[in-house]
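Student: Have a look at the structure that comes next, please.
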Amino acid sequence: MDIRRNLPLLMTICFLSQMGGFMILPLFPLFIEEFGLSGWMMGVIFALFYVGKVLGGIPAAAIYKKLGGKKALILMLLLLAVCMGGFALSSTAVLFGLLRLLQGLASTGLTVVVRSIIGDGGNVDNRGLYNGYISSSEGGGMVLGPVISGWLALHWPLSVPFLLVTVCCLMAVVAAMGMKTTQEPLDNSTHSVLHTDVVEDFTTNDSHPHTTMTAPPLPSTTSDALHTQGTSISQSNQAPDSTTISPTTELTQRQQLLGYGTVHFLEMSAYAVFLTYFALYAAHIMHWDPFATSLAFTVSGISTLAAAPFVGYLSDRMGDRLLLCMLGMFLIGIEVVVFLNTSSHLWVYVGMLIGGVGGACYMDSFFAHIGDHIPDESRSSVIGKIVSAAEIGSIVSPLVAALLMEVGSLYSVFVFNLVLIAAAIVVQAVMRSRFRLKEG
């Protein structure tokens with residue numbers, strides 16, 4: 001698959017799906033409340049979404065390997081469309097719960113497939129930039145989604161935004177159908193150290209057509225991907241993304257998987273706490289109205305939209321992607337510290353602006369770093385495992401935060417949030433120091 005040629009379509013897909021997700025995010029609790037469900041039942045329905053996200057990563061990686069990126073995208077988007085349309089027509093808790101579970105499966109599946117396409121189609125010179133474009137398109141959806149759904153909710157029944165999101169998902173399906181693929185049989189006898197980025201069975205060549213067979217080796221100082229080639233990927237003078245695995249790689253890859261999974265678990269835990277409790281904090285502690293709270297999310301989305309491509313480019317040029325991941329988490333921490341210390345709209349919005357840049361730094365560099373270090377044949381599987389494991393944090397952390405709120409206050413919830421962020425930075429610092437040690 002020619003990643004540069006298909007990138008605008010991938011961005012369109014991510015924009016539409018993310019816009020749809022953020023259209024229903026503020027409305028879903030109000031919508032299901034209309035059916036007289038108890039608070040406990042609503043909580044179970046919310047949790048099933050994250051359960052689906054936990055379960056969805058590994059199957060999505062297998063589907064990606066079996067069907068290829070294009071067909072996997074179409075499948076995930078159709079499943080999302082069914083869920084959104086189903087929400088608009090549902091009236092029972094059981095059906096809401098089932099659809100919410102499937103929505104989580106499709107949501108994680110879409111993330112795994114898109115990031116795997118970027119990982120397989122890019123290289124150490126451009127993965128950060130391409131991931132930046134994806135994050136930017138998602139940021140655009142975050143900006144427009146709440147605005148559109150809020151306006152619709154003022155003039156139409158709450159079911160109407162769900163129907164519009166269904167249309168958005170179907171539009172994304174059309175975009176996925178327009179993606180161009182080049183299918184070639186996998187010939188193991190000719191699969192040399194030259195980088196070809198082929199996917200098993202329904203293989204697609206994702207490399208840039210002008211660099212597939214002639215890309216020269218990068219000097220070791222240009223990318224941190226080369227720091228671990230001696231242990232995670234066999235050293236080859238032909239290509240930095242060689243898929244030949246050394247005999248000692250297995251243990252090292254397990255250690256890397258544990259490290260990446262821990263970092264993303266902590267990040268997603270912190271993010272889930274923010275999404276779940278910021279609106280409550282803004283209403284009860286800062287005494288903001290819903291519009292001001294929605295505007296905070298919009299500011300953060302605009303920041304991510306604007307910053308992501310530049311951060312991705314910087315990630316490619318610097319090469320030290322883990323350092324940018326750490327910087328991103330630090331900026332997200334600044335966002336939390338700001339609204340814990342002031343209720344000023346201006347200062348909180350500035351904090352959201354900083355946090356949006358931090359989110360772009362983390363997401364762009366994290367997935368690009370994985371793409372650099374994980375061999376081609378296991379990359380999508382590793383991304384699937386990391387994404388699924390991280391979503392466990394999205395289930396557990398809001399429950400821990402709820403207990404803290406019961407025995408303490410909403411303030412203690414975001415102190416817990418800062419602890420999660422600090423822990424993620426520490427884990428990344430340890431991983432980065434080990435990579436530097438191996439380089440030396």
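Following the order of the structure tokens, chains are lettered A, B, ..., residues in each are numbered from 1, and ligands are numbered from 1.
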Just the residues within 8 Å of region 392-407 of chain A, please, counting only C-alpha atoms, with nothing from its chain fewer than 5 positions along; format it as a list in words.

Tutor: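 Residues near the query, excluding close chain neighbours: Ala47, Tyr50, Val51, Val54, Phe265, Leu266, Met268, Ser269, Ala270, Tyr271, Ala272, Val273, Thr276, Ser412, Val413 and Phe416 of chain A.
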
Student: Take the selection from the previous step and output its residues with N, CA and C atoms, as a PDB file, in the first residue's frame.

Tutor:
```
ATOM      1  N   ALA A  47     -19.235   1.215  31.230  1.00  0.00           N
ATOM      2  CA  ALA A  47     -18.068   0.351  31.409  1.00  0.00           C
ATOM      3  C   ALA A  47     -17.927  -0.657  30.273  1.00  0.00           C
ATOM      4  N   TYR A  50     -15.517   0.237  27.480  1.00  0.00           N
ATOM      5  CA  TYR A  50     -14.095   0.019  27.746  1.00  0.00           C
ATOM      6  C   TYR A  50     -13.757  -1.468  27.785  1.00  0.00           C
ATOM      7  N   VAL A  51     -14.710  -2.277  28.199  1.00  0.00           N
ATOM      8  CA  VAL A  51     -14.493  -3.728  28.117  1.00  0.00           C
ATOM      9  C   VAL A  51     -14.298  -4.138  26.657  1.00  0.00           C
ATOM     10  N   VAL A  54     -10.890  -3.229  25.544  1.00  0.00           N
ATOM     11  CA  VAL A  54      -9.880  -4.176  26.029  1.00  0.00           C
ATOM     12  C   VAL A  54      -9.833  -5.424  25.149  1.00  0.00           C
ATOM     13  N   PHE A 265      -0.850   2.021  29.394  1.00  0.00           N
ATOM     14  CA  PHE A 265      -1.838   1.760  30.440  1.00  0.00           C
ATOM     15  C   PHE A 265      -1.985   2.980  31.344  1.00  0.00           C
ATOM     16  N   LEU A 266      -0.863   3.535  31.772  1.00  0.00           N
ATOM     17  CA  LEU A 266      -0.888   4.697  32.664  1.00  0.00           C
ATOM     18  C   LEU A 266      -1.465   5.920  31.951  1.00  0.00           C
ATOM     19  N   MET A 268      -3.573   6.014  29.322  1.00  0.00           N
ATOM     20  CA  MET A 268      -5.006   5.841  29.106  1.00  0.00           C
ATOM     21  C   MET A 268      -5.789   5.912  30.409  1.00  0.00           C
ATOM     22  N   SER A 269      -5.182   5.468  31.511  1.00  0.00           N
ATOM     23  CA  SER A 269      -5.828   5.591  32.814  1.00  0.00           C
ATOM     24  C   SER A 269      -6.042   7.057  33.167  1.00  0.00           C
ATOM     25  N   ALA A 270      -4.992   7.847  32.967  1.00  0.00           N
ATOM     26  CA  ALA A 270      -5.097   9.280  33.255  1.00  0.00           C
ATOM     27  C   ALA A 270      -6.121   9.948  32.342  1.00  0.00           C
ATOM     28  N   TYR A 271      -6.129   9.555  31.076  1.00  0.00           N
ATOM     29  CA  TYR A 271      -7.057  10.152  30.118  1.00  0.00           C
ATOM     30  C   TYR A 271      -8.504   9.815  30.471  1.00  0.00           C
ATOM     31  N   ALA A 272      -8.742   8.576  30.896  1.00  0.00           N
ATOM     32  CA  ALA A 272     -10.100   8.161  31.269  1.00  0.00           C
ATOM     33  C   ALA A 272     -10.588   8.930  32.490  1.00  0.00           C
ATOM     34  N   VAL A 273      -9.702   9.166  33.452  1.00  0.00           N
ATOM     35  CA  VAL A 273     -10.082   9.955  34.628  1.00  0.00           C
ATOM     36  C   VAL A 273     -10.461  11.371  34.215  1.00  0.00           C
ATOM     37  N   THR A 276     -13.835  11.419  32.374  1.00  0.00           N
ATOM     38  CA  THR A 276     -14.962  11.074  33.241  1.00  0.00           C
ATOM     39  C   THR A 276     -15.284  12.163  34.250  1.00  0.00           C
ATOM     40  N   SER A 412      -9.006  15.354  44.989  1.00  0.00           N
ATOM     41  CA  SER A 412      -8.153  14.170  45.158  1.00  0.00           C
ATOM     42  C   SER A 412      -8.156  13.295  43.910  1.00  0.00           C
ATOM     43  N   VAL A 413      -9.250  13.343  43.138  1.00  0.00           N
ATOM     44  CA  VAL A 413      -9.317  12.580  41.893  1.00  0.00           C
ATOM     45  C   VAL A 413      -8.211  13.021  40.943  1.00  0.00           C
ATOM     46  N   PHE A 416      -4.707  12.067  41.997  1.00  0.00           N
ATOM     47  CA  PHE A 416      -4.499  10.706  41.489  1.00  0.00           C
ATOM     48  C   PHE A 416      -4.126  10.730  40.008  1.00  0.00           C
TER      49      PHE A 416
END
```

Student: Using only C-alpha atoms for the distances, tell me which of A:Glu34, A:Tyr349, A:Gly145, A:Leu78 is nearest to Leu295 (chain A).

Tutor: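 The answer is A:Tyr349, which sits nearest to Leu295 (chain A).
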
Student: Set the distance at 9 Å and use only C-alpha atoms: which residues neighbour region 105-109 of chain A once local chain neighbours fewer than 3 positions away are removed? I'd like the list as a PyMOL selection string.

Tutor: chain A and resi 17+21+49-61+72-73+75-80+100-102+112-114+384+387-388+391

Student: Would you output that residue set with N, CA and C atoms, as a short mmCIF file (atom, residue, chain, number, x, y, z; two decimals), in the first residue's frame?

Tutor:
```cif
data_model
loop_
_atom_site.label_atom_id
_atom_site.label_comp_id
_atom_site.auth_asym_id
_atom_site.auth_seq_id
_atom_site.Cartn_x
_atom_site.Cartn_y
_atom_site.Cartn_z
N SER A 17 -14.58 9.44 11.94
CA SER A 17 -14.85 8.54 13.07
C SER A 17 -14.66 9.26 14.40
N GLY A 21 -17.43 10.06 17.31
CA GLY A 21 -17.26 9.68 18.71
C GLY A 21 -17.47 10.85 19.65
N PHE A 49 -18.28 -0.27 27.20
CA PHE A 49 -17.51 0.31 26.09
C PHE A 49 -16.02 0.03 26.27
N TYR A 50 -15.52 0.24 27.48
CA TYR A 50 -14.10 0.02 27.75
C TYR A 50 -13.76 -1.47 27.79
N VAL A 51 -14.71 -2.28 28.20
CA VAL A 51 -14.49 -3.73 28.12
C VAL A 51 -14.30 -4.14 26.66
N GLY A 52 -15.13 -3.59 25.78
CA GLY A 52 -14.98 -3.85 24.35
C GLY A 52 -13.64 -3.38 23.83
N LYS A 53 -13.17 -2.25 24.32
CA LYS A 53 -11.87 -1.75 23.88
C LYS A 53 -10.74 -2.66 24.34
N VAL A 54 -10.89 -3.23 25.54
CA VAL A 54 -9.88 -4.18 26.03
C VAL A 54 -9.83 -5.42 25.15
N LEU A 55 -11.01 -5.91 24.78
CA LEU A 55 -11.09 -7.16 24.03
C LEU A 55 -10.80 -6.99 22.55
N GLY A 56 -10.85 -5.76 22.04
CA GLY A 56 -10.83 -5.57 20.59
C GLY A 56 -9.47 -5.54 19.93
N GLY A 57 -8.41 -5.25 20.69
CA GLY A 57 -7.11 -5.02 20.05
C GLY A 57 -6.51 -6.23 19.36
N ILE A 58 -6.45 -7.36 20.06
CA ILE A 58 -5.81 -8.55 19.50
C ILE A 58 -6.59 -9.11 18.32
N PRO A 59 -7.95 -9.24 18.40
CA PRO A 59 -8.68 -9.68 17.20
C PRO A 59 -8.50 -8.74 16.02
N ALA A 60 -8.44 -7.43 16.30
CA ALA A 60 -8.26 -6.47 15.21
C ALA A 60 -6.91 -6.66 14.51
N ALA A 61 -5.87 -6.94 15.31
CA ALA A 61 -4.56 -7.20 14.71
C ALA A 61 -4.59 -8.45 13.84
N ALA A 72 -9.92 -4.49 6.55
CA ALA A 72 -10.08 -4.37 8.00
C ALA A 72 -10.72 -3.04 8.37
N LEU A 73 -10.31 -1.97 7.69
CA LEU A 73 -10.91 -0.66 7.94
C LEU A 73 -12.41 -0.67 7.63
N LEU A 75 -14.46 -3.15 7.60
CA LEU A 75 -15.18 -3.96 8.58
C LEU A 75 -15.41 -3.19 9.88
N MET A 76 -14.37 -2.52 10.38
CA MET A 76 -14.50 -1.77 11.63
C MET A 76 -15.48 -0.61 11.49
N LEU A 77 -15.44 0.07 10.36
CA LEU A 77 -16.32 1.22 10.15
C LEU A 77 -17.77 0.79 9.99
N LEU A 78 -18.00 -0.33 9.32
CA LEU A 78 -19.37 -0.83 9.21
C LEU A 78 -19.92 -1.22 10.58
N LEU A 79 -19.07 -1.81 11.42
CA LEU A 79 -19.50 -2.17 12.77
C LEU A 79 -19.85 -0.92 13.57
N LEU A 80 -19.05 0.14 13.42
CA LEU A 80 -19.37 1.40 14.10
C LEU A 80 -20.69 1.97 13.61
N ARG A 100 -22.88 -0.95 23.04
CA ARG A 100 -21.74 -0.25 23.64
C ARG A 100 -20.49 -1.13 23.63
N LEU A 101 -20.67 -2.43 23.89
CA LEU A 101 -19.56 -3.38 23.84
C LEU A 101 -18.99 -3.45 22.43
N LEU A 102 -19.86 -3.57 21.43
CA LEU A 102 -19.41 -3.64 20.04
C LEU A 102 -18.75 -2.33 19.61
N VAL A 112 -6.05 0.26 16.04
CA VAL A 112 -5.01 -0.74 15.74
C VAL A 112 -4.73 -0.78 14.24
N VAL A 113 -5.78 -0.81 13.43
CA VAL A 113 -5.60 -0.94 11.98
C VAL A 113 -4.92 0.30 11.41
N VAL A 114 -5.39 1.49 11.80
CA VAL A 114 -4.81 2.72 11.26
C VAL A 114 -3.34 2.84 11.67
N GLY A 384 -1.87 -4.18 18.83
CA GLY A 384 -3.15 -4.65 19.33
C GLY A 384 -3.10 -5.00 20.80
N VAL A 387 -2.71 -1.70 22.92
CA VAL A 387 -3.95 -0.92 22.98
C VAL A 387 -4.98 -1.61 23.86
N SER A 388 -5.13 -2.92 23.71
CA SER A 388 -6.11 -3.64 24.52
C SER A 388 -5.75 -3.61 26.00
N GLU A 391 -6.49 -0.30 27.68
CA GLU A 391 -7.89 0.02 27.95
C GLU A 391 -8.37 -0.55 29.28
#
```

Student: Pro8 (chain A): which residues within 10 Å, counting only C-alpha atoms, same-chain residues fewer than 2 positions away excluded, as a ChimeraX atom specification?

Tutor: /A:3-6,10-14,133-134,137,175,179

Student: Keeping only C-alpha atoms, write the selected residues to a file as a PDB file, in the first residue's frame.

Tutor:
```pdb
ATOM      1  CA  ILE A   3       0.999   5.203   2.319  1.00  0.00           C
ATOM      2  CA  ARG A   4       1.605   8.672   0.908  1.00  0.00           C
ATOM      3  CA  ARG A   5      -1.068   8.182  -1.735  1.00  0.00           C
ATOM      4  CA  ASN A   6      -3.626   6.841   0.762  1.00  0.00           C
ATOM      5  CA  LEU A  10      -6.825   7.685   6.140  1.00  0.00           C
ATOM      6  CA  MET A  11      -7.042  11.212   7.539  1.00  0.00           C
ATOM      7  CA  THR A  12     -10.622  11.520   6.279  1.00  0.00           C
ATOM      8  CA  ILE A  13     -11.547   8.229   7.946  1.00  0.00           C
ATOM      9  CA  CYS A  14     -10.004   9.265  11.259  1.00  0.00           C
ATOM     10  CA  TYR A 133      -1.268  13.837  10.340  1.00  0.00           C
ATOM     11  CA  ILE A 134      -3.526  11.145  11.787  1.00  0.00           C
ATOM     12  CA  SER A 137      -7.279  14.781  11.684  1.00  0.00           C
ATOM     13  CA  ALA A 175     -13.325   6.656   1.813  1.00  0.00           C
ATOM     14  CA  MET A 179      -7.883   3.268  -0.890  1.00  0.00           C
TER      15      MET A 179
END
```

Student: CA of Leu305 (chain A) to CA of Ser135 (chain A): how many Å, to one decimal?

Tutor: 7.0 Å

Student: Find, counting only C-alpha atoms, the residue in A:Leu346, A:Val336, A:Ile370, A:Met363 that gets nearest to Asn417 (chain A).

Tutor: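 Among the listed residues, the smallest separation from Asn417 (chain A) belongs to A:Val336.
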
Student: For region 138-143 of chain A, find every residue with an atom within 9 Å (counting only C-alpha atoms), except residues of its own chain fewer than 3 positions away, and show them as an mmCIF file with all heavy atoms, in the first residue's frame.

Tutor:
```cif
data_model
loop_
_atom_site.group_PDB
_atom_site.id
_atom_site.type_symbol
_atom_site.label_atom_id
_atom_site.label_comp_id
_atom_site.auth_asym_id
_atom_site.auth_seq_id
_atom_site.Cartn_x
_atom_site.Cartn_y
_atom_site.Cartn_z
ATOM 1 N N MET A 11 -6.729 10.037 6.727
ATOM 2 C CA MET A 11 -7.042 11.212 7.539
ATOM 3 C C MET A 11 -8.542 11.490 7.529
ATOM 4 O O MET A 11 -9.127 11.856 8.557
ATOM 5 C CB MET A 11 -6.266 12.421 7.030
ATOM 6 C CG MET A 11 -4.762 12.330 7.232
ATOM 7 S SD MET A 11 -3.873 13.701 6.463
ATOM 8 C CE MET A 11 -4.521 15.096 7.399
ATOM 9 N N CYS A 14 -10.223 8.960 9.846
ATOM 10 C CA CYS A 14 -10.004 9.265 11.259
ATOM 11 C C CYS A 14 -10.783 10.508 11.686
ATOM 12 O O CYS A 14 -11.313 10.568 12.797
ATOM 13 C CB CYS A 14 -8.514 9.451 11.524
ATOM 14 S SG CYS A 14 -7.557 7.925 11.380
ATOM 15 N N PHE A 15 -10.847 11.498 10.800
ATOM 16 C CA PHE A 15 -11.611 12.705 11.108
ATOM 17 C C PHE A 15 -13.089 12.380 11.317
ATOM 18 O O PHE A 15 -13.698 12.792 12.310
ATOM 19 C CB PHE A 15 -11.444 13.721 9.979
ATOM 20 C CG PHE A 15 -12.364 14.905 10.091
ATOM 21 C CD1 PHE A 15 -12.066 15.946 10.952
ATOM 22 C CD2 PHE A 15 -13.522 14.970 9.341
ATOM 23 C CE1 PHE A 15 -12.909 17.038 11.073
ATOM 24 C CE2 PHE A 15 -14.377 16.063 9.443
ATOM 25 C CZ PHE A 15 -14.068 17.091 10.317
ATOM 26 N N LEU A 16 -13.666 11.626 10.399
ATOM 27 C CA LEU A 16 -15.093 11.310 10.481
ATOM 28 C C LEU A 16 -15.413 10.436 11.691
ATOM 29 O O LEU A 16 -16.399 10.667 12.396
ATOM 30 C CB LEU A 16 -15.545 10.617 9.195
ATOM 31 C CG LEU A 16 -15.601 11.502 7.941
ATOM 32 C CD1 LEU A 16 -15.831 10.651 6.693
ATOM 33 C CD2 LEU A 16 -16.701 12.558 8.065
ATOM 34 N N SER A 17 -14.580 9.444 11.939
ATOM 35 C CA SER A 17 -14.852 8.544 13.074
ATOM 36 C C SER A 17 -14.665 9.259 14.404
ATOM 37 O O SER A 17 -15.460 9.077 15.338
ATOM 38 C CB SER A 17 -13.957 7.303 12.993
ATOM 39 O OG SER A 17 -12.586 7.662 13.054
ATOM 40 N N GLN A 18 -13.627 10.094 14.496
ATOM 41 C CA GLN A 18 -13.395 10.815 15.747
ATOM 42 C C GLN A 18 -14.469 11.881 15.975
ATOM 43 O O GLN A 18 -14.920 12.087 17.106
ATOM 44 C CB GLN A 18 -12.007 11.468 15.724
ATOM 45 C CG GLN A 18 -11.547 12.005 17.069
ATOM 46 C CD GLN A 18 -11.048 10.903 17.981
ATOM 47 O OE1 GLN A 18 -11.233 9.722 17.713
ATOM 48 N NE2 GLN A 18 -10.411 11.270 19.075
ATOM 49 N N MET A 19 -14.889 12.536 14.917
ATOM 50 C CA MET A 19 -15.960 13.520 15.041
ATOM 51 C C MET A 19 -17.238 12.848 15.526
ATOM 52 O O MET A 19 -17.944 13.374 16.399
ATOM 53 C CB MET A 19 -16.213 14.208 13.697
ATOM 54 C CG MET A 19 -17.279 15.301 13.760
ATOM 55 S SD MET A 19 -17.467 16.197 12.214
ATOM 56 C CE MET A 19 -18.180 14.927 11.158
ATOM 57 N N GLY A 20 -17.521 11.660 14.983
ATOM 58 C CA GLY A 20 -18.693 10.920 15.420
ATOM 59 C C GLY A 20 -18.615 10.541 16.884
ATOM 60 O O GLY A 20 -19.587 10.677 17.640
ATOM 61 N N GLY A 21 -17.428 10.061 17.309
ATOM 62 C CA GLY A 21 -17.261 9.685 18.709
ATOM 63 C C GLY A 21 -17.474 10.853 19.653
ATOM 64 O O GLY A 21 -18.123 10.717 20.701
ATOM 65 N N PHE A 22 -16.945 12.022 19.295
ATOM 66 C CA PHE A 22 -17.085 13.185 20.164
ATOM 67 C C PHE A 22 -18.436 13.870 20.003
ATOM 68 O O PHE A 22 -18.804 14.691 20.847
ATOM 69 C CB PHE A 22 -15.937 14.173 19.913
ATOM 70 C CG PHE A 22 -14.726 13.873 20.739
ATOM 71 C CD1 PHE A 22 -13.851 12.861 20.360
ATOM 72 C CD2 PHE A 22 -14.470 14.563 21.902
ATOM 73 C CE1 PHE A 22 -12.737 12.557 21.125
ATOM 74 C CE2 PHE A 22 -13.369 14.270 22.680
ATOM 75 C CZ PHE A 22 -12.497 13.266 22.299
ATOM 76 N N MET A 23 -19.174 13.535 18.972
ATOM 77 C CA MET A 23 -20.548 14.014 18.881
ATOM 78 C C MET A 23 -21.432 13.350 19.928
ATOM 79 O O MET A 23 -22.289 13.987 20.545
ATOM 80 C CB MET A 23 -21.116 13.763 17.480
ATOM 81 C CG MET A 23 -20.675 14.773 16.436
ATOM 82 S SD MET A 23 -21.290 14.390 14.785
ATOM 83 C CE MET A 23 -23.050 14.606 15.016
ATOM 84 N N TYR A 133 -0.118 13.517 11.184
ATOM 85 C CA TYR A 133 -1.268 13.837 10.340
ATOM 86 C C TYR A 133 -2.531 13.134 10.839
ATOM 87 O O TYR A 133 -3.627 13.717 10.829
ATOM 88 C CB TYR A 133 -0.986 13.426 8.893
ATOM 89 C CG TYR A 133 -0.056 14.363 8.152
ATOM 90 C CD1 TYR A 133 1.028 13.863 7.429
ATOM 91 C CD2 TYR A 133 -0.261 15.738 8.167
ATOM 92 C CE1 TYR A 133 1.885 14.716 6.744
ATOM 93 C CE2 TYR A 133 0.593 16.587 7.489
ATOM 94 C CZ TYR A 133 1.669 16.076 6.777
ATOM 95 O OH TYR A 133 2.501 16.923 6.110
ATOM 96 N N ILE A 134 -2.374 11.881 11.270
ATOM 97 C CA ILE A 134 -3.526 11.145 11.787
ATOM 98 C C ILE A 134 -4.052 11.803 13.061
ATOM 99 O O ILE A 134 -5.264 12.013 13.224
ATOM 100 C CB ILE A 134 -3.138 9.673 12.058
ATOM 101 C CG1 ILE A 134 -2.780 8.954 10.745
ATOM 102 C CG2 ILE A 134 -4.280 8.944 12.773
ATOM 103 C CD1 ILE A 134 -3.890 8.916 9.730
ATOM 104 N N SER A 135 -3.149 12.137 13.980
ATOM 105 C CA SER A 135 -3.572 12.792 15.222
ATOM 106 C C SER A 135 -4.217 14.138 14.944
ATOM 107 O O SER A 135 -5.171 14.542 15.615
ATOM 108 C CB SER A 135 -2.364 12.971 16.160
ATOM 109 O OG SER A 135 -1.850 11.726 16.563
ATOM 110 N N PRO A 146 -18.398 17.960 19.275
ATOM 111 C CA PRO A 146 -19.266 18.506 20.324
ATOM 112 C C PRO A 146 -20.074 19.711 19.870
ATOM 113 O O PRO A 146 -21.206 19.915 20.305
ATOM 114 C CB PRO A 146 -18.273 18.884 21.436
ATOM 115 C CG PRO A 146 -17.066 18.053 21.179
ATOM 116 C CD PRO A 146 -16.986 17.915 19.687
ATOM 117 N N VAL A 147 -19.478 20.535 18.991
ATOM 118 C CA VAL A 147 -20.187 21.727 18.509
ATOM 119 C C VAL A 147 -21.427 21.324 17.710
ATOM 120 O O VAL A 147 -22.528 21.856 17.913
ATOM 121 C CB VAL A 147 -19.250 22.595 17.644
ATOM 122 C CG1 VAL A 147 -20.019 23.768 17.035
ATOM 123 C CG2 VAL A 147 -18.080 23.093 18.468
ATOM 124 N N PHE A 297 -12.887 21.501 25.980
ATOM 125 C CA PHE A 297 -12.574 20.359 25.124
ATOM 126 C C PHE A 297 -12.257 20.820 23.698
ATOM 127 O O PHE A 297 -11.369 20.279 23.038
ATOM 128 C CB PHE A 297 -13.744 19.371 25.104
ATOM 129 C CG PHE A 297 -13.860 18.545 26.348
ATOM 130 C CD1 PHE A 297 -14.776 18.873 27.337
ATOM 131 C CD2 PHE A 297 -13.055 17.434 26.543
ATOM 132 C CE1 PHE A 297 -14.889 18.111 28.488
ATOM 133 C CE2 PHE A 297 -13.155 16.665 27.695
ATOM 134 C CZ PHE A 297 -14.073 17.004 28.671
ATOM 135 N N THR A 298 -12.989 21.819 23.239
ATOM 136 C CA THR A 298 -12.758 22.335 21.888
ATOM 137 C C THR A 298 -11.374 22.951 21.765
ATOM 138 O O THR A 298 -10.673 22.750 20.771
ATOM 139 C CB THR A 298 -13.832 23.378 21.532
ATOM 140 O OG1 THR A 298 -15.123 22.770 21.589
ATOM 141 C CG2 THR A 298 -13.608 23.936 20.135
ATOM 142 N N VAL A 299 -10.971 23.728 22.784
ATOM 143 C CA VAL A 299 -9.639 24.344 22.778
ATOM 144 C C VAL A 299 -8.559 23.269 22.720
ATOM 145 O O VAL A 299 -7.583 23.381 21.959
ATOM 146 C CB VAL A 299 -9.451 25.238 24.019
ATOM 147 C CG1 VAL A 299 -7.988 25.656 24.172
ATOM 148 C CG2 VAL A 299 -10.337 26.465 23.930
ATOM 149 N N SER A 300 -8.728 22.216 23.503
ATOM 150 C CA SER A 300 -7.763 21.127 23.501
ATOM 151 C C SER A 300 -7.695 20.455 22.128
ATOM 152 O O SER A 300 -6.608 20.132 21.632
ATOM 153 C CB SER A 300 -8.136 20.095 24.570
ATOM 154 O OG SER A 300 -7.224 19.022 24.598
ATOM 155 N N GLY A 301 -8.868 20.272 21.505
ATOM 156 C CA GLY A 301 -8.896 19.665 20.179
ATOM 157 C C GLY A 301 -8.219 20.528 19.129
ATOM 158 O O GLY A 301 -7.483 20.029 18.270
ATOM 159 N N ILE A 302 -8.445 21.840 19.203
ATOM 160 C CA ILE A 302 -7.798 22.760 18.260
ATOM 161 C C ILE A 302 -6.284 22.701 18.418
ATOM 162 O O ILE A 302 -5.531 22.694 17.444
ATOM 163 C CB ILE A 302 -8.313 24.194 18.482
ATOM 164 C CG1 ILE A 302 -9.778 24.303 18.050
ATOM 165 C CG2 ILE A 302 -7.462 25.212 17.716
ATOM 166 C CD1 ILE A 302 -10.414 25.642 18.383
ATOM 167 N N SER A 303 -5.831 22.645 19.671
ATOM 168 C CA SER A 303 -4.396 22.574 19.942
ATOM 169 C C SER A 303 -3.779 21.320 19.342
ATOM 170 O O SER A 303 -2.718 21.369 18.701
ATOM 171 C CB SER A 303 -4.168 22.613 21.454
ATOM 172 O OG SER A 303 -2.807 22.450 21.768
ATOM 173 N N THR A 304 -4.449 20.176 19.541
ATOM 174 C CA THR A 304 -3.951 18.919 18.969
ATOM 175 C C THR A 304 -3.949 18.975 17.452
ATOM 176 O O THR A 304 -2.991 18.539 16.796
ATOM 177 C CB THR A 304 -4.820 17.745 19.454
ATOM 178 O OG1 THR A 304 -4.782 17.674 20.878
ATOM 179 C CG2 THR A 304 -4.320 16.423 18.870
ATOM 180 N N LEU A 305 -5.019 19.520 16.885
ATOM 181 C CA LEU A 305 -5.136 19.637 15.431
ATOM 182 C C LEU A 305 -3.985 20.435 14.846
ATOM 183 O O LEU A 305 -3.376 20.046 13.846
ATOM 184 C CB LEU A 305 -6.469 20.311 15.093
ATOM 185 C CG LEU A 305 -6.711 20.723 13.636
ATOM 186 C CD1 LEU A 305 -6.815 19.500 12.743
ATOM 187 C CD2 LEU A 305 -7.967 21.574 13.528
ATOM 188 N N ALA A 306 -3.654 21.547 15.480
ATOM 189 C CA ALA A 306 -2.609 22.420 14.947
ATOM 190 C C ALA A 306 -1.208 21.870 15.188
ATOM 191 O O ALA A 306 -0.314 22.008 14.345
ATOM 192 C CB ALA A 306 -2.740 23.810 15.568
ATOM 193 N N ALA A 308 -0.129 18.589 15.934
ATOM 194 C CA ALA A 308 0.250 17.211 15.629
ATOM 195 C C ALA A 308 1.205 17.067 14.440
ATOM 196 O O ALA A 308 2.215 16.350 14.544
ATOM 197 C CB ALA A 308 -0.995 16.359 15.419
ATOM 198 N N GLY A 356 -3.247 19.934 24.957
ATOM 199 C CA GLY A 356 -3.478 19.439 23.595
ATOM 200 C C GLY A 356 -2.175 19.185 22.854
ATOM 201 O O GLY A 356 -2.034 18.182 22.140
ATOM 202 N N ALA A 360 -0.577 15.483 21.534
ATOM 203 C CA ALA A 360 -0.001 15.252 20.204
ATOM 204 C C ALA A 360 1.423 14.706 20.320
ATOM 205 O O ALA A 360 1.809 13.783 19.593
ATOM 206 C CB ALA A 360 -0.011 16.552 19.398
#
```

Student: Can you tell me, as an MDAnalysis selection string, what residues are no more than 8 Å from Gly119 (chain A) when counting only C-alpha atoms, ignoring any on the same chain fewer than 3 positions away?

Tutor: chainID A and resid 115:116 122:123 127 367:368 370:372 379

Student: Could you check the closest approach to Lys385 (chain A) for each of A:Tyr260, A:Tyr64, A:Phe278, A:Phe31 and tell me which residue wins, using only C-alpha atoms?

Tutor: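 Checking each candidate against Lys385 (chain A), we get A:Tyr260 as the closest.
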